[in-house]
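Just data-v3.txt here, compact mmCIF, C-alpha atoms:
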```
# COMPACT_ATOMS: atom_id res chain seq x y z
CA MET S 5 -39.55 64.35 -50.41
CA GLU S 6 -40.12 65.31 -46.75
CA HIS S 7 -39.40 68.97 -47.65
CA LEU S 8 -42.08 68.90 -50.36
CA ILE S 9 -44.60 67.34 -47.98
CA LEU S 10 -44.01 70.05 -45.36
CA ASN S 11 -44.42 72.86 -47.88
CA LEU S 12 -47.36 71.37 -49.76
CA PRO S 13 -49.71 70.15 -47.02
CA GLY S 14 -52.45 67.85 -48.22
CA SER S 15 -51.03 67.50 -51.72
CA LEU S 16 -48.68 64.58 -51.13
CA PRO S 17 -49.16 61.66 -48.74
CA HIS S 18 -46.66 60.98 -46.00
CA LEU S 19 -43.98 58.36 -46.64
CA SER S 20 -45.40 56.07 -43.98
CA LEU S 21 -48.79 56.24 -45.71
CA LEU S 22 -47.20 55.41 -49.06
CA ASN S 23 -45.47 52.38 -47.56
CA SER S 24 -48.75 51.28 -46.01
CA LEU S 25 -50.58 51.60 -49.35
CA ILE S 26 -47.90 49.58 -51.15
CA SER S 27 -47.93 46.87 -48.48
CA SER S 28 -51.73 46.54 -48.60
CA SER S 29 -51.88 46.36 -52.40
CA ASP S 30 -50.75 43.75 -54.89
CA SER S 31 -47.60 45.75 -55.62
CA ARG S 32 -45.51 43.78 -53.17
CA ILE S 33 -43.61 40.89 -54.73
CA SER S 34 -42.28 37.90 -52.82
CA GLU S 35 -39.17 36.22 -54.17
CA GLY S 36 -40.01 33.24 -56.36
CA GLU S 37 -43.75 33.99 -56.46
CA PHE S 38 -45.46 33.89 -59.86
CA ARG S 39 -48.39 36.30 -59.74
CA PHE S 40 -50.74 34.68 -62.24
CA ASP S 41 -53.96 35.76 -60.50
CA GLN S 42 -52.81 39.40 -60.44
CA LEU S 43 -51.75 39.01 -64.07
CA GLN S 44 -55.27 37.93 -64.97
CA LYS S 45 -56.74 41.01 -63.27
CA HIS S 46 -54.28 43.20 -65.14
CA PHE S 47 -55.28 41.68 -68.49
CA ASP S 48 -58.98 41.89 -67.69
CA SER S 49 -58.58 45.60 -66.98
CA LEU S 50 -56.83 46.06 -70.34
CA ASN S 51 -59.33 43.81 -72.16
CA VAL S 52 -56.54 41.95 -73.96
CA GLN S 53 -55.92 38.24 -74.35
CA TYR S 54 -52.56 37.80 -76.07
CA ALA S 55 -49.14 38.40 -74.59
CA PHE S 56 -45.44 37.91 -75.11
CA GLY S 57 -43.23 36.66 -72.29
CA SER S 58 -39.63 37.53 -71.61
CA GLU S 59 -37.00 36.16 -69.28
CA ASP S 60 -33.59 37.58 -68.53
CA CYS S 61 -31.17 37.92 -65.64
CA THR S 62 -28.90 40.68 -64.39
CA GLY S 63 -25.98 40.80 -61.99
CA ILE S 64 -26.72 41.85 -58.41
CA VAL S 65 -24.79 42.61 -55.25
CA LYS S 66 -24.43 39.39 -53.28
CA ARG S 67 -26.27 39.99 -50.03
CA ILE S 68 -28.54 38.07 -47.66
CA LYS S 69 -31.57 39.92 -46.31
CA TYR S 70 -34.41 39.00 -43.98
CA ASP S 71 -37.97 39.53 -45.18
CA SER S 72 -40.11 40.02 -42.07
CA THR S 73 -43.42 39.80 -43.96
CA THR S 74 -42.74 36.23 -45.12
CA ASN S 75 -40.24 35.22 -42.41
CA THR S 76 -37.76 34.14 -45.09
CA PHE S 77 -34.18 34.94 -46.01
CA THR S 78 -33.56 36.24 -49.51
CA GLY S 79 -30.31 36.41 -51.41
CA PHE S 80 -29.68 32.68 -51.70
CA PRO S 81 -30.04 31.04 -55.14
CA SER S 82 -33.58 29.72 -55.51
CA LEU S 83 -34.05 25.97 -55.43
CA LEU S 84 -35.64 24.83 -58.69
CA ASP S 85 -38.32 22.14 -58.87
CA HIS S 86 -39.01 21.21 -62.51
CA GLY S 87 -37.58 24.58 -63.47
CA MET S 88 -39.78 26.55 -61.04
CA PRO S 89 -38.31 28.30 -57.97
CA VAL S 90 -39.52 26.94 -54.64
CA LYS S 91 -41.15 29.87 -52.85
CA SER S 92 -40.12 30.57 -49.22
CA TYR S 93 -37.61 27.73 -49.26
CA TYR S 94 -35.18 29.58 -46.99
CA GLN S 95 -37.63 30.00 -44.15
CA THR S 96 -36.50 29.06 -40.65
CA ASP S 97 -36.64 30.09 -37.00
CA SER S 98 -33.42 28.23 -36.25
CA PHE S 99 -30.16 30.15 -35.99
CA ASP S 100 -28.23 26.91 -36.60
CA ALA S 101 -30.07 26.35 -39.89
CA LEU S 102 -29.27 29.90 -41.01
CA LYS S 103 -25.64 29.42 -40.02
CA LEU S 104 -25.50 26.20 -42.05
CA TRP S 105 -26.94 27.94 -45.11
CA LEU S 106 -24.46 30.81 -44.84
CA ASN S 107 -21.53 28.41 -44.56
CA SER S 108 -22.57 25.92 -47.24
CA ILE S 109 -24.59 27.86 -49.86
CA SER S 110 -23.15 30.56 -52.08
CA LYS S 111 -25.10 33.81 -52.38
CA ALA S 112 -27.12 34.44 -55.53
CA SER S 113 -25.11 36.35 -58.12
CA LEU S 114 -27.98 36.96 -60.57
CA LEU S 115 -31.58 38.11 -60.45
CA ASN S 116 -33.87 36.29 -62.87
CA VAL S 117 -36.87 38.37 -63.98
CA HIS S 118 -40.03 37.37 -65.89
CA MET S 119 -42.01 40.06 -67.69
CA ILE S 120 -45.29 39.70 -69.59
CA GLN S 121 -46.01 42.19 -72.38
CA PRO S 122 -49.70 42.49 -73.34
CA VAL S 123 -50.31 42.58 -77.10
CA GLN S 124 -52.95 45.16 -77.95
CA SER S 125 -55.57 44.70 -80.65
CA ALA S 126 -55.14 46.20 -84.12
CA ASP S 127 -57.64 48.99 -83.42
CA ASN S 128 -55.81 50.11 -80.28
CA SER S 129 -52.82 52.37 -80.95
CA SER S 130 -51.66 52.59 -77.32
CA ILE S 131 -49.07 50.09 -76.06
CA PRO S 132 -49.97 48.55 -72.68
CA SER S 133 -47.29 48.54 -70.03
CA PRO S 134 -45.52 45.22 -69.31
CA TYR S 135 -46.28 43.28 -66.14
CA LEU S 136 -43.69 41.91 -63.72
CA LEU S 137 -44.65 38.27 -63.21
CA SER S 138 -41.83 37.07 -60.98
CA ALA S 139 -38.28 37.71 -59.80
CA TYR S 140 -35.85 35.54 -57.86
CA GLY S 141 -32.15 34.99 -57.27
CA ILE S 142 -30.21 32.35 -59.22
CA ASP S 143 -26.60 31.17 -59.52
CA ASN S 144 -26.47 30.31 -63.25
CA THR S 145 -26.71 26.54 -62.69
CA ALA S 146 -30.11 26.11 -64.37
CA THR S 147 -30.22 23.93 -67.47
CA ALA S 148 -32.04 24.30 -70.77
CA ASN S 149 -34.48 21.67 -69.53
CA ASP S 150 -35.27 23.84 -66.48
CA ILE S 151 -36.02 26.76 -68.79
CA LEU S 152 -38.22 24.62 -71.02
CA GLN S 153 -40.27 23.38 -68.07
CA ARG S 154 -40.58 26.92 -66.73
CA TRP S 155 -41.85 28.26 -70.05
CA TRP S 156 -44.28 25.37 -70.33
CA TYR S 157 -45.61 26.09 -66.84
CA ILE S 158 -46.02 29.81 -67.58
CA PHE S 159 -47.79 29.03 -70.85
CA ASN S 160 -50.27 26.61 -69.26
CA GLN S 161 -50.97 28.71 -66.17
CA SER S 162 -51.62 31.75 -68.36
CA LEU S 163 -53.81 29.75 -70.74
CA GLN S 164 -55.97 28.61 -67.81
CA ARG S 165 -56.63 32.30 -67.17
CA ASN S 166 -57.57 33.00 -70.80
CA ILE S 167 -54.18 34.56 -71.57
CA ARG S 168 -52.49 33.18 -74.68
CA ILE S 169 -48.70 33.49 -74.52
CA ILE S 170 -47.61 33.67 -78.14
CA GLY S 171 -43.87 33.59 -77.55
CA PHE S 172 -40.85 34.25 -75.36
CA SER S 173 -37.87 36.56 -75.62
CA THR S 174 -34.54 36.13 -73.83
CA GLY S 175 -30.95 37.29 -73.89
CA ALA S 176 -27.95 35.63 -75.49
CA ASP S 177 -27.40 32.90 -72.90
CA LEU S 178 -26.65 29.57 -74.56
CA LYS S 179 -29.10 27.70 -72.31
CA HIS S 180 -31.94 30.00 -73.37
CA LEU S 181 -31.00 29.65 -77.03
CA ARG S 182 -30.96 25.86 -76.71
CA ALA S 183 -34.39 25.97 -75.03
CA MET S 184 -35.69 28.09 -77.91
CA ARG S 185 -34.27 25.69 -80.50
CA LEU S 186 -35.74 22.60 -78.85
CA MET S 187 -39.16 24.13 -78.23
CA SER S 188 -39.44 25.38 -81.82
CA GLY S 189 -38.01 22.21 -83.37
CA PHE S 190 -35.16 24.09 -85.05
CA LEU S 191 -32.70 21.32 -86.00
CA GLY S 192 -33.66 19.47 -82.83
CA ALA S 193 -36.55 17.76 -81.07
CA LEU S 194 -37.88 17.00 -77.61
CA PRO S 195 -38.39 13.27 -76.94
CA ASN S 196 -41.80 12.40 -75.54
CA PHE S 197 -42.88 16.03 -75.81
CA GLN S 198 -44.94 16.68 -78.94
CA VAL S 199 -45.38 20.40 -78.43
CA HIS S 200 -46.30 20.96 -82.10
CA GLN S 201 -49.40 18.78 -81.68
CA HIS S 202 -50.84 21.07 -79.02
CA PRO S 203 -54.41 22.25 -79.79
CA GLN S 204 -53.20 25.86 -79.58
CA ALA S 205 -50.47 25.35 -82.20
CA PHE S 206 -50.73 27.50 -85.33
CA GLN S 207 -49.93 26.67 -88.95
CA ILE S 208 -47.09 28.31 -90.85
CA LYS S 209 -47.56 28.58 -94.59
CA ILE S 210 -44.09 27.95 -95.99
CA ARG S 211 -43.34 29.02 -99.57
CA SER S 212 -41.91 26.34 -101.82
CA HIS S 213 -38.70 28.31 -102.56
CA TRP S 214 -37.87 28.90 -98.87
CA SER S 215 -35.06 26.34 -98.76
CA TRP S 216 -33.55 28.19 -95.77
CA PHE S 217 -36.65 27.73 -93.56
CA TYR S 218 -35.95 24.95 -91.03
CA LEU S 219 -38.82 25.40 -88.58
CA CYS S 220 -41.77 23.05 -88.31
CA GLU S 221 -44.98 23.93 -90.12
CA GLN S 222 -46.82 23.77 -86.78
CA GLU S 223 -45.57 26.02 -83.98
CA LEU S 224 -46.92 26.69 -80.52
CA LEU S 225 -44.70 29.64 -79.64
CA LEU S 226 -42.57 32.28 -81.31
CA PHE S 227 -39.10 33.16 -80.04
CA PHE S 228 -36.97 36.29 -80.25
CA GLN S 229 -33.57 37.08 -78.90
CA ASP S 230 -33.14 40.33 -77.02
CA PRO S 231 -32.37 42.97 -79.70
CA THR S 232 -29.82 44.65 -77.41
CA HIS S 233 -27.76 41.45 -77.32
CA LEU S 234 -28.15 40.98 -81.06
CA VAL S 235 -26.89 44.50 -81.84
CA THR S 236 -23.98 43.95 -79.45
CA LYS S 237 -23.04 40.81 -81.36
CA TRP S 238 -23.27 42.66 -84.69
CA ARG S 239 -21.09 45.47 -83.34
CA ASN S 240 -18.46 43.03 -82.09
CA ARG S 241 -18.41 41.22 -85.43
CA LEU S 242 -18.05 44.48 -87.36
CA LEU S 243 -15.17 45.62 -85.16
CA SER S 244 -13.45 42.23 -85.11
CA ALA S 245 -10.26 41.79 -87.11
CA THR S 246 -10.73 38.02 -87.41
CA ALA S 247 -14.51 37.34 -87.50
CA ASP S 248 -16.92 38.10 -90.35
CA LEU S 249 -20.54 39.21 -90.20
CA CYS S 250 -22.48 37.28 -92.85
CA LEU S 251 -26.07 37.90 -93.95
CA GLY S 252 -27.04 35.06 -96.24
CA ASN S 253 -24.35 34.76 -98.92
CA GLN S 254 -23.06 38.29 -98.39
CA SER S 255 -20.64 39.66 -95.82
CA VAL S 256 -20.78 43.02 -94.05
CA SER S 257 -17.73 44.91 -92.83
CA ILE S 258 -16.96 48.21 -91.15
CA ASN S 259 -16.02 49.58 -94.59
CA HIS S 260 -19.66 49.38 -95.67
CA LEU S 261 -20.65 51.59 -92.74
CA HIS S 262 -17.91 54.09 -93.64
CA ASP S 263 -19.18 54.26 -97.22
CA ILE S 264 -22.76 54.90 -96.08
CA SER S 265 -21.85 57.56 -93.49
CA GLU S 266 -19.58 59.45 -95.90
CA ASN S 267 -21.99 59.31 -98.82
CA ASP S 268 -24.05 62.52 -99.04
CA THR S 269 -26.83 60.80 -100.99
CA TYR S 270 -27.90 58.86 -97.88
CA SER S 271 -30.03 60.51 -95.19
CA LYS S 272 -30.12 59.70 -91.47
CA LEU S 273 -33.11 57.48 -92.10
CA ASP S 274 -31.05 55.49 -94.61
CA HIS S 275 -28.31 55.16 -92.02
CA GLY S 276 -30.81 53.61 -89.59
```
For the file at hand, write its structure as structure tokens.
Amino acid sequence: MEHLILNLPGSLPHLSLLNSLISSSDSRISEGEFRFDQLQKHFDSLNVQYAFGSEDCTGIVKRIKYDSTTNTFTGFPSLLDHGMPVKSYYQTDSFDALKLWLNSISKASLLNVHMIQPVQSADNSSIPSPYLLSAYGIDNTATANDILQRWWYIFNQSLQRNIRIIGFSTGADLKHLRAMRLMSGFLGALPNFQVHQHPQAFQIKIRSHWSWFYLCEQELLLFFQDPTHLVTKWRNRLLSATADLCLGNQSVSINHLHDISENDTYSKLDHG
């Protein structure tokens, strides 16, 4: 980078200038901060109203770092209050307090990330880029109730800014799947939480012969599991010597894939 700057004067800004521009813009993200106001500006610039939310976590290197801009220590698992991370919780000027945290609190092993995908209108063929709403460290102790309260908070905060979240997507974690099931009313219900009576709930027209459809006729949100995790599960089932992959009343095995791949009448599109 420095070599390019020296040989192309005036064409590329210096690294210090780039860092200054990033620091002075809204690109900087503080751990545990949910950037709803910036999200609203992003949606206003795209002229879209509907969006799909996603939440997933990934493994990280356990490490404690000091953030001088917020005077906080990052790398500890975020404290959750009604499912929401408490911003700048690990903020102190006391060495004894830091020493106590290091000796009594395990480092965060996962990074939880929230993304918001704008949904473009039918007459717009371009797909808007997703927006990073928040990111923070966790230790996998959150419950399904924490996730439900977090989704509910994101939905309401977005709705106040004229952004309608139409659904959420997550990975294959059992807590996320339980939160999906309870929120959608799939063979379960939330006591004292009539989400299907929300004014923003939509009506599902169920056909009379859909005996397999177990969702409520009124839904507030849609839910999808991360396709990468789904395909991984399908692959493991196909390669398993003991488990079966069933679709309805029919089963699928690795032999079916062999028959398709070795049959010359099928094209690559048929294989997909």
| task | Compile the contact shell of Ser72 (chain S) as a PyMOL selection string: residues with an atom at most 12 Å away, counting only C-alpha atoms, same-chain residues fewer than 2 positions apart removed. | result | chain S and resi 34+69-70+74-78+92+95-97
Dump as an mmCIF file, in the frame of the given file, selection limited to C-alpha atoms:
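Contents of the output file out.cif:
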```cif
data_model
loop_
_atom_site.group_PDB
_atom_site.id
_atom_site.type_symbol
_atom_site.label_atom_id
_atom_site.label_comp_id
_atom_site.auth_asym_id
_atom_site.auth_seq_id
_atom_site.Cartn_x
_atom_site.Cartn_y
_atom_site.Cartn_z
ATOM 1 C CA SER S 34 -42.280 37.900 -52.820
ATOM 2 C CA LYS S 69 -31.570 39.920 -46.310
ATOM 3 C CA TYR S 70 -34.410 39.000 -43.980
ATOM 4 C CA THR S 74 -42.740 36.230 -45.120
ATOM 5 C CA ASN S 75 -40.240 35.220 -42.410
ATOM 6 C CA THR S 76 -37.760 34.140 -45.090
ATOM 7 C CA PHE S 77 -34.180 34.940 -46.010
ATOM 8 C CA THR S 78 -33.560 36.240 -49.510
ATOM 9 C CA SER S 92 -40.120 30.570 -49.220
ATOM 10 C CA GLN S 95 -37.630 30.000 -44.150
ATOM 11 C CA THR S 96 -36.500 29.060 -40.650
ATOM 12 C CA ASP S 97 -36.640 30.090 -37.000
#
```
* Which residue of S:Gly57, S:Pro195, S:Gly175, S:Pro89 approaches Pro122 (chain S) most closely, using only C-alpha atoms ->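 Selected residue with least distance to Pro122 (chain S): S:Gly57.
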Around the point (-61.6, 46.6, -80.1), in the coordinates given by the file, pick out the residues reaching within 12 Å, counting all atoms listed in the file, and return them as a short mmCIF file (atom, residue, chain, number, x, y, z; two decimals) with C-alpha atoms, in the frame of the given file.
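Everything below was put into part.cif:
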```cif
data_model
loop_
_atom_site.label_atom_id
_atom_site.label_comp_id
_atom_site.auth_asym_id
_atom_site.auth_seq_id
_atom_site.Cartn_x
_atom_site.Cartn_y
_atom_site.Cartn_z
CA LEU S 50 -56.83 46.06 -70.34
CA ASN S 51 -59.33 43.81 -72.16
CA VAL S 52 -56.54 41.95 -73.96
CA GLN S 53 -55.92 38.24 -74.35
CA GLN S 124 -52.95 45.16 -77.95
CA SER S 125 -55.57 44.70 -80.65
CA ALA S 126 -55.14 46.20 -84.12
CA ASP S 127 -57.64 48.99 -83.42
CA ASN S 128 -55.81 50.11 -80.28
CA SER S 129 -52.82 52.37 -80.95
CA SER S 130 -51.66 52.59 -77.32
#
```
Selection: 12 Å around Phe227 (chain S), all atoms listed in the file, excl. self and same-chain fewer than 4 positions, as JSON, numbers by chain: {"S": [56, 57, 58, 59, 155, 169, 170, 171, 172, 173, 174, 175, 180, 181, 182, 183, 184, 185, 186, 187, 188, 189, 190, 219, 223, 231]}
Quiz prompt | Best match for closeness to Phe40 (chain S) among S:Lys103, S:Arg165, S:His118, S:His86, counting only C-alpha atoms | solution =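 Checking each of S:Lys103, S:Arg165, S:His118, S:His86 against Phe40 (chain S), counting only C-alpha atoms, the winner is S:Arg165.
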request  = Name the residues in contact with Thr62 (chain S) at a cut-off of 9 Å, using all atoms listed in the file, excluding same-chain residues fewer than 4 positions from it; report them as number ranges by chain.
outcome  = S: 113-117
Counting only C-alpha atoms, closest pick from S:Ala148, S:Ile208, S:Leu178, S:Leu234 relative to Gly87 (chain S) is S:Ala148
re CA of Leu242 (chain S) and CA of Gly63 (chain S): distance 26.8 Å
Worksheet entry | Residue with smallest distance to Ile109 (chain S) - pool S:Tyr157, S:His262, S:Phe80, S:Asp71, counting all atoms listed in the file |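 So, comparing all the options, the nearest one is S:Phe80.
One distance worth recording is that between CA of Asn107 (chain S) and CA of Thr147 (chain S), which is 24.9 Å.
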task: Between S:Ser82, S:Glu266, S:Leu106, S:Gln201, single out the one closest to Glu35 (chain S), counting all atoms listed in the file.
output: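 The answer is S:Ser82, which sits nearest to Glu35 (chain S).
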- Atom-to-atom span, CA of Leu137 (chain S) and CA of Glu37 (chain S), Å: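 Answer for the CA of Leu137 (chain S) to CA of Glu37 (chain S) separation: 8.0 Å.
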Around all of region 63-71 of chain S's listed atoms, make the axis-aligned box with 8 Å on each side and tell me centre and edge lengths in Å to one decimal, as JSON.
```
{"center_x": -31.2, "center_y": 40.3, "center_z": -53.0, "size_x": 29.5, "size_y": 20.5, "size_z": 34.0}
```
Nearest to Arg39 (chain S), restricted to only C-alpha atoms and choosing among S:Ile64, S:Leu102, S:Val90, S:Met119, comes out as S:Met119
